[in-house]
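Source file: run.txt (compact mmCIF, C-alpha atoms)
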# COMPACT_ATOMS: atom_id res chain seq x y z
CA MET A 26 25.32 -63.40 -31.32
CA LYS A 27 27.40 -65.93 -29.44
CA TYR A 28 25.97 -69.20 -28.16
CA THR A 29 26.01 -68.37 -24.43
CA GLU A 30 24.44 -64.97 -25.04
CA ASN A 31 21.68 -66.55 -27.14
CA ILE A 32 20.84 -69.09 -24.42
CA SER A 33 21.03 -66.42 -21.72
CA ASN A 34 18.63 -64.20 -23.66
CA ARG A 35 16.11 -67.03 -23.89
CA LEU A 36 16.55 -67.84 -20.19
CA ASN A 37 16.12 -64.16 -19.36
CA ASP A 38 12.83 -64.18 -21.28
CA LEU A 39 11.73 -67.10 -19.11
CA LEU A 40 12.96 -65.32 -16.00
CA GLU A 41 10.91 -62.24 -16.85
CA LYS A 42 7.82 -64.40 -17.29
CA THR A 43 8.63 -66.21 -14.05
CA TYR A 44 8.65 -62.86 -12.24
CA ASP A 45 5.28 -62.12 -13.84
CA ALA A 46 3.88 -65.49 -12.77
CA GLU A 47 5.13 -65.06 -9.20
CA LYS A 48 3.44 -61.65 -8.95
CA GLY A 49 0.31 -63.02 -10.60
CA TYR A 50 0.07 -65.90 -8.15
CA LYS A 51 0.53 -63.50 -5.24
CA LEU A 52 -2.32 -61.33 -6.51
CA ALA A 53 -4.49 -64.37 -7.18
CA ALA A 54 -3.89 -65.74 -3.66
CA GLU A 55 -4.95 -62.40 -2.20
CA GLU A 56 -8.18 -62.43 -4.21
CA ALA A 57 -9.17 -66.13 -3.93
CA LYS A 58 -11.84 -67.01 -1.40
CA ALA A 59 -11.65 -70.82 -1.21
CA PRO A 60 -8.95 -71.74 1.38
CA TYR A 61 -7.64 -74.73 -0.60
CA VAL A 62 -7.29 -72.59 -3.73
CA LYS A 63 -5.62 -69.81 -1.74
CA ASP A 64 -3.10 -72.35 -0.36
CA PHE A 65 -2.47 -73.72 -3.86
CA LEU A 66 -1.84 -70.23 -5.22
CA LYS A 67 0.53 -69.31 -2.38
CA ASP A 68 2.44 -72.53 -2.99
CA LYS A 69 2.77 -71.71 -6.70
CA GLU A 70 3.98 -68.20 -5.84
CA LYS A 71 6.78 -69.74 -3.75
CA GLN A 72 7.52 -72.24 -6.50
CA ARG A 73 7.92 -69.47 -9.08
CA ARG A 74 10.22 -67.58 -6.72
CA ALA A 75 12.38 -70.73 -6.55
CA PHE A 76 12.23 -71.04 -10.35
CA GLY A 77 13.51 -67.47 -10.57
CA PHE A 78 16.52 -68.23 -8.37
CA GLU A 79 17.29 -71.32 -10.44
CA LEU A 80 17.07 -69.41 -13.72
CA LYS A 81 19.20 -66.55 -12.37
CA SER A 82 21.86 -69.03 -11.34
CA GLU A 83 21.78 -70.72 -14.74
CA ILE A 84 22.07 -67.37 -16.55
CA MET A 85 25.07 -66.40 -14.44
CA GLU A 86 26.69 -69.77 -15.28
CA PHE A 87 26.69 -68.55 -18.88
CA GLY A 88 28.47 -65.37 -17.79
CA GLU A 89 25.48 -63.11 -18.40
CA LEU A 90 23.36 -60.89 -16.15
CA PRO A 91 19.82 -61.91 -15.17
CA GLU A 92 16.81 -59.65 -15.68
CA LYS A 93 15.59 -57.79 -12.63
CA GLY A 94 11.84 -57.41 -13.19
CA GLY A 95 8.68 -58.48 -14.94
CA SER A 96 7.20 -57.32 -18.21
CA LEU A 97 4.61 -54.73 -19.20
CA LYS A 98 2.51 -57.56 -20.64
CA GLY A 99 2.60 -59.31 -17.26
CA GLU A 100 1.60 -56.09 -15.49
CA MET A 101 -1.36 -55.71 -17.86
CA HIS A 102 -2.40 -59.32 -17.22
CA ARG A 103 -2.34 -58.72 -13.44
CA LEU A 104 -4.45 -55.59 -13.90
CA TRP A 105 -6.94 -57.67 -15.89
CA MET A 106 -6.92 -60.27 -13.09
CA LYS A 107 -7.88 -57.51 -10.65
CA LEU A 108 -10.69 -56.17 -12.83
CA LYS A 109 -12.20 -59.35 -14.26
CA PRO A 110 -13.49 -60.78 -10.95
CA LEU A 111 -15.31 -57.51 -10.26
CA MET A 112 -17.57 -58.35 -13.19
CA THR A 113 -18.82 -61.59 -11.62
CA ASP A 114 -19.84 -63.08 -8.28
CA ASP A 115 -17.41 -65.98 -8.51
CA LYS A 116 -13.93 -64.48 -8.17
CA THR A 117 -12.13 -67.75 -7.47
CA GLU A 118 -13.29 -69.46 -10.64
CA LYS A 119 -12.30 -66.46 -12.77
CA ILE A 120 -8.91 -66.32 -11.04
CA LEU A 121 -8.34 -69.99 -11.88
CA GLU A 122 -9.26 -69.31 -15.50
CA GLU A 123 -6.57 -66.63 -15.62
CA VAL A 124 -4.08 -68.97 -13.94
CA GLU A 125 -4.83 -71.52 -16.63
CA ARG A 126 -4.31 -68.96 -19.38
CA GLY A 127 -0.96 -67.91 -17.91
CA GLU A 128 0.23 -71.47 -17.38
CA LYS A 129 -0.58 -72.41 -20.97
CA ALA A 130 1.52 -69.49 -22.19
CA SER A 131 4.38 -70.55 -19.90
CA LEU A 132 4.24 -74.11 -21.22
CA GLU A 133 4.43 -72.86 -24.79
CA GLU A 134 7.50 -70.77 -23.95
CA TYR A 135 9.28 -73.68 -22.25
CA ASN A 136 8.39 -76.11 -25.04
CA ASP A 137 9.60 -73.63 -27.65
CA ILE A 138 13.01 -73.38 -26.00
CA LEU A 139 13.29 -77.12 -25.38
CA LYS A 140 12.32 -78.02 -28.96
CA ASN A 141 14.45 -75.37 -30.66
CA SER A 142 16.78 -77.43 -32.85
CA GLU A 143 18.99 -74.42 -33.61
CA MET A 144 19.93 -73.97 -29.97
CA ARG A 145 21.27 -77.11 -28.34
CA LEU A 146 21.01 -76.69 -24.58
CA PRO A 147 23.61 -78.04 -22.19
CA PRO A 148 22.23 -81.11 -20.33
CA SER A 149 22.02 -79.29 -16.98
CA THR A 150 20.01 -76.43 -18.51
CA GLU A 151 17.76 -78.84 -20.36
CA ARG A 152 17.08 -80.82 -17.16
CA LEU A 153 16.26 -77.62 -15.26
CA LEU A 154 13.83 -76.44 -17.94
CA ILE A 155 12.16 -79.86 -18.17
CA GLN A 156 11.69 -79.95 -14.38
CA GLN A 157 10.20 -76.47 -14.36
CA ARG A 158 7.99 -77.17 -17.38
CA ASP A 159 6.68 -80.36 -15.79
CA ALA A 160 5.91 -78.48 -12.55
CA ILE A 161 4.01 -75.87 -14.57
CA GLN A 162 2.04 -78.65 -16.28
CA ALA A 163 1.20 -80.12 -12.85
CA ALA A 164 0.04 -76.67 -11.65
CA LEU A 165 -2.13 -76.34 -14.74
CA ASN A 166 -3.70 -79.74 -14.09
CA THR A 167 -4.38 -78.84 -10.44
CA SER A 168 -5.85 -75.49 -11.41
CA ARG A 169 -8.20 -77.22 -13.86
CA MET A 170 -9.23 -79.69 -11.16
CA TYR A 171 -10.06 -76.85 -8.75
CA GLU A 172 -11.92 -75.01 -11.45
CA GLU A 173 -14.07 -78.10 -12.10
CA LEU A 174 -14.77 -78.46 -8.38
CA LEU A 175 -15.98 -74.87 -8.22
CA SER A 176 -18.22 -75.03 -11.29

Using structure tokens, write down the structure from this file.
Amino acid sequence: MKYTENISNRLNDLLEKTYDAEKGYKLAAEEAKAPYVKDFLKDKEKQRRAFGFELKSEIMEFGELPEKGGSLKGEMHRLWMKLKPLMTDDKTEKILEEVERGEKASLEEYNDILKNSEMRLPPSTERLLIQQRDAIQAALNTSRMYEELLS
């Protein structure tokens, strides 16, 4: 597999997960009751949409085609997000727990790509991924803070 195709495949994996996160945040915002949490979730949905555009652009720079949709795993996670709050009175706290779980998985994916010594990323791609990873870490920190406020 050629270098650009290898990088594009990894970026497409991230793009697929970004689609999943965007849809997950949209669902979470619809279900959350606390206005400040709802606003946070809507903001993260918009952020992930922007991440998707950035990743698509980067993939096309490598001469490859970007993915068009999310994953089955992401769809299953959103279904779980719909069902889990039904089992408890506190939907918002459970939603934030799921956000945290998803963000941790995203961070692992970004860190795996950034630390992969076999695949040296071009500086522009590395900068983009670091910016997105750091924004995901900030979202995770905020989600944890809101979760603590609610508990």

I'd like the contact shell of Lys69 (chain A) - 10 Å cut-off, all atoms listed in the file, skipping same-chain residues fewer than 4 positions apart - returned as a PDB file with C-alpha atoms, in the coordinates of the input.
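Output contents, as saved in out00.pdb:
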ATOM      1  CA  ALA A  46       3.880 -65.490 -12.770  1.00  0.00           C
ATOM      2  CA  GLU A  47       5.130 -65.060  -9.200  1.00  0.00           C
ATOM      3  CA  GLY A  49       0.310 -63.020 -10.600  1.00  0.00           C
ATOM      4  CA  TYR A  50       0.070 -65.900  -8.150  1.00  0.00           C
ATOM      5  CA  LYS A  51       0.530 -63.500  -5.240  1.00  0.00           C
ATOM      6  CA  ALA A  54      -3.890 -65.740  -3.660  1.00  0.00           C
ATOM      7  CA  LYS A  63      -5.620 -69.810  -1.740  1.00  0.00           C
ATOM      8  CA  ASP A  64      -3.100 -72.350  -0.360  1.00  0.00           C
ATOM      9  CA  PHE A  65      -2.470 -73.720  -3.860  1.00  0.00           C
ATOM     10  CA  ARG A  73       7.920 -69.470  -9.080  1.00  0.00           C
ATOM     11  CA  ARG A  74      10.220 -67.580  -6.720  1.00  0.00           C
ATOM     12  CA  ALA A  75      12.380 -70.730  -6.550  1.00  0.00           C
ATOM     13  CA  ALA A 160       5.910 -78.480 -12.550  1.00  0.00           C
ATOM     14  CA  ILE A 161       4.010 -75.870 -14.570  1.00  0.00           C
ATOM     15  CA  ALA A 164       0.040 -76.670 -11.650  1.00  0.00           C
TER      16      ALA A 164
END

- prompt: Smallest atom-to-atom distance to Asp137 (chain A): which of A:Lys42, A:Leu154, A:Glu79, A:Val124, using all atoms listed in the file?
  reply: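 Once distances to Asp137 (chain A) are computed over all atoms listed in the file, the minimum belongs to A:Leu154.
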
Discussion item. Quick one: residues within 12 Å of Asp159 (chain A), all atoms listed in the file, excluding same-chain residues fewer than 3 positions away - as a VMD selection string?
Written reply: chain A and resid 128 to 129 131 to 133 135 to 136 152 to 156 162 to 166

**Asked** So how many Å separate CA of Phe76 (chain A) and CA of Thr150 (chain A), to one decimal?
**Response**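 According to the coordinates, CA of Phe76 (chain A) and CA of Thr150 (chain A) are separated by 12.5 Å.
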
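For the set A:Leu90, A:Ala53, A:Leu121, A:Leu40, the residue with the smallest atom-to-atom gap to Leu174 (chain A) is A:Leu121, counting all atoms listed in the file.
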
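Relative to CA of Ile138 (chain A), CA of Asp68 (chain A) is found at 25.3 Å.
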
### Message
Given only C-alpha atoms as the basis, pick out the residue of A:Glu123, A:Glu134, A:Glu89, A:Glu83 nearest to Leu146 (chain A).
### Response
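Looking at the shortest contact to Leu146 (chain A), the residue is A:Glu83.
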
Could you jot down the CA of Asn37 (chain A) to CA of Glu125 (chain A) separation for me, Å, one decimal place?
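Going from CA of Asn37 (chain A) over to CA of Glu125 (chain A), I get 22.4 Å.
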
Checklist entry - From the set A:Leu175, A:Ala130, A:Ile84, A:Ile120, which residue has the shortest atom-to-atom contact distance to Ile32 (chain A), counting all atoms listed in the file? => result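 Closest to Ile32 (chain A) of all the choices is A:Ile84.
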
Judged by all atoms listed in the file, the minimum distance to Arg35 (chain A) among A:Lys81, A:Arg126, A:Arg169, A:Lys58 is found for A:Lys81

For Glu41 (chain A), the closest of A:Lys71, A:Glu56, A:Phe87, A:Glu92 counting all atoms listed in the file is A:Glu92
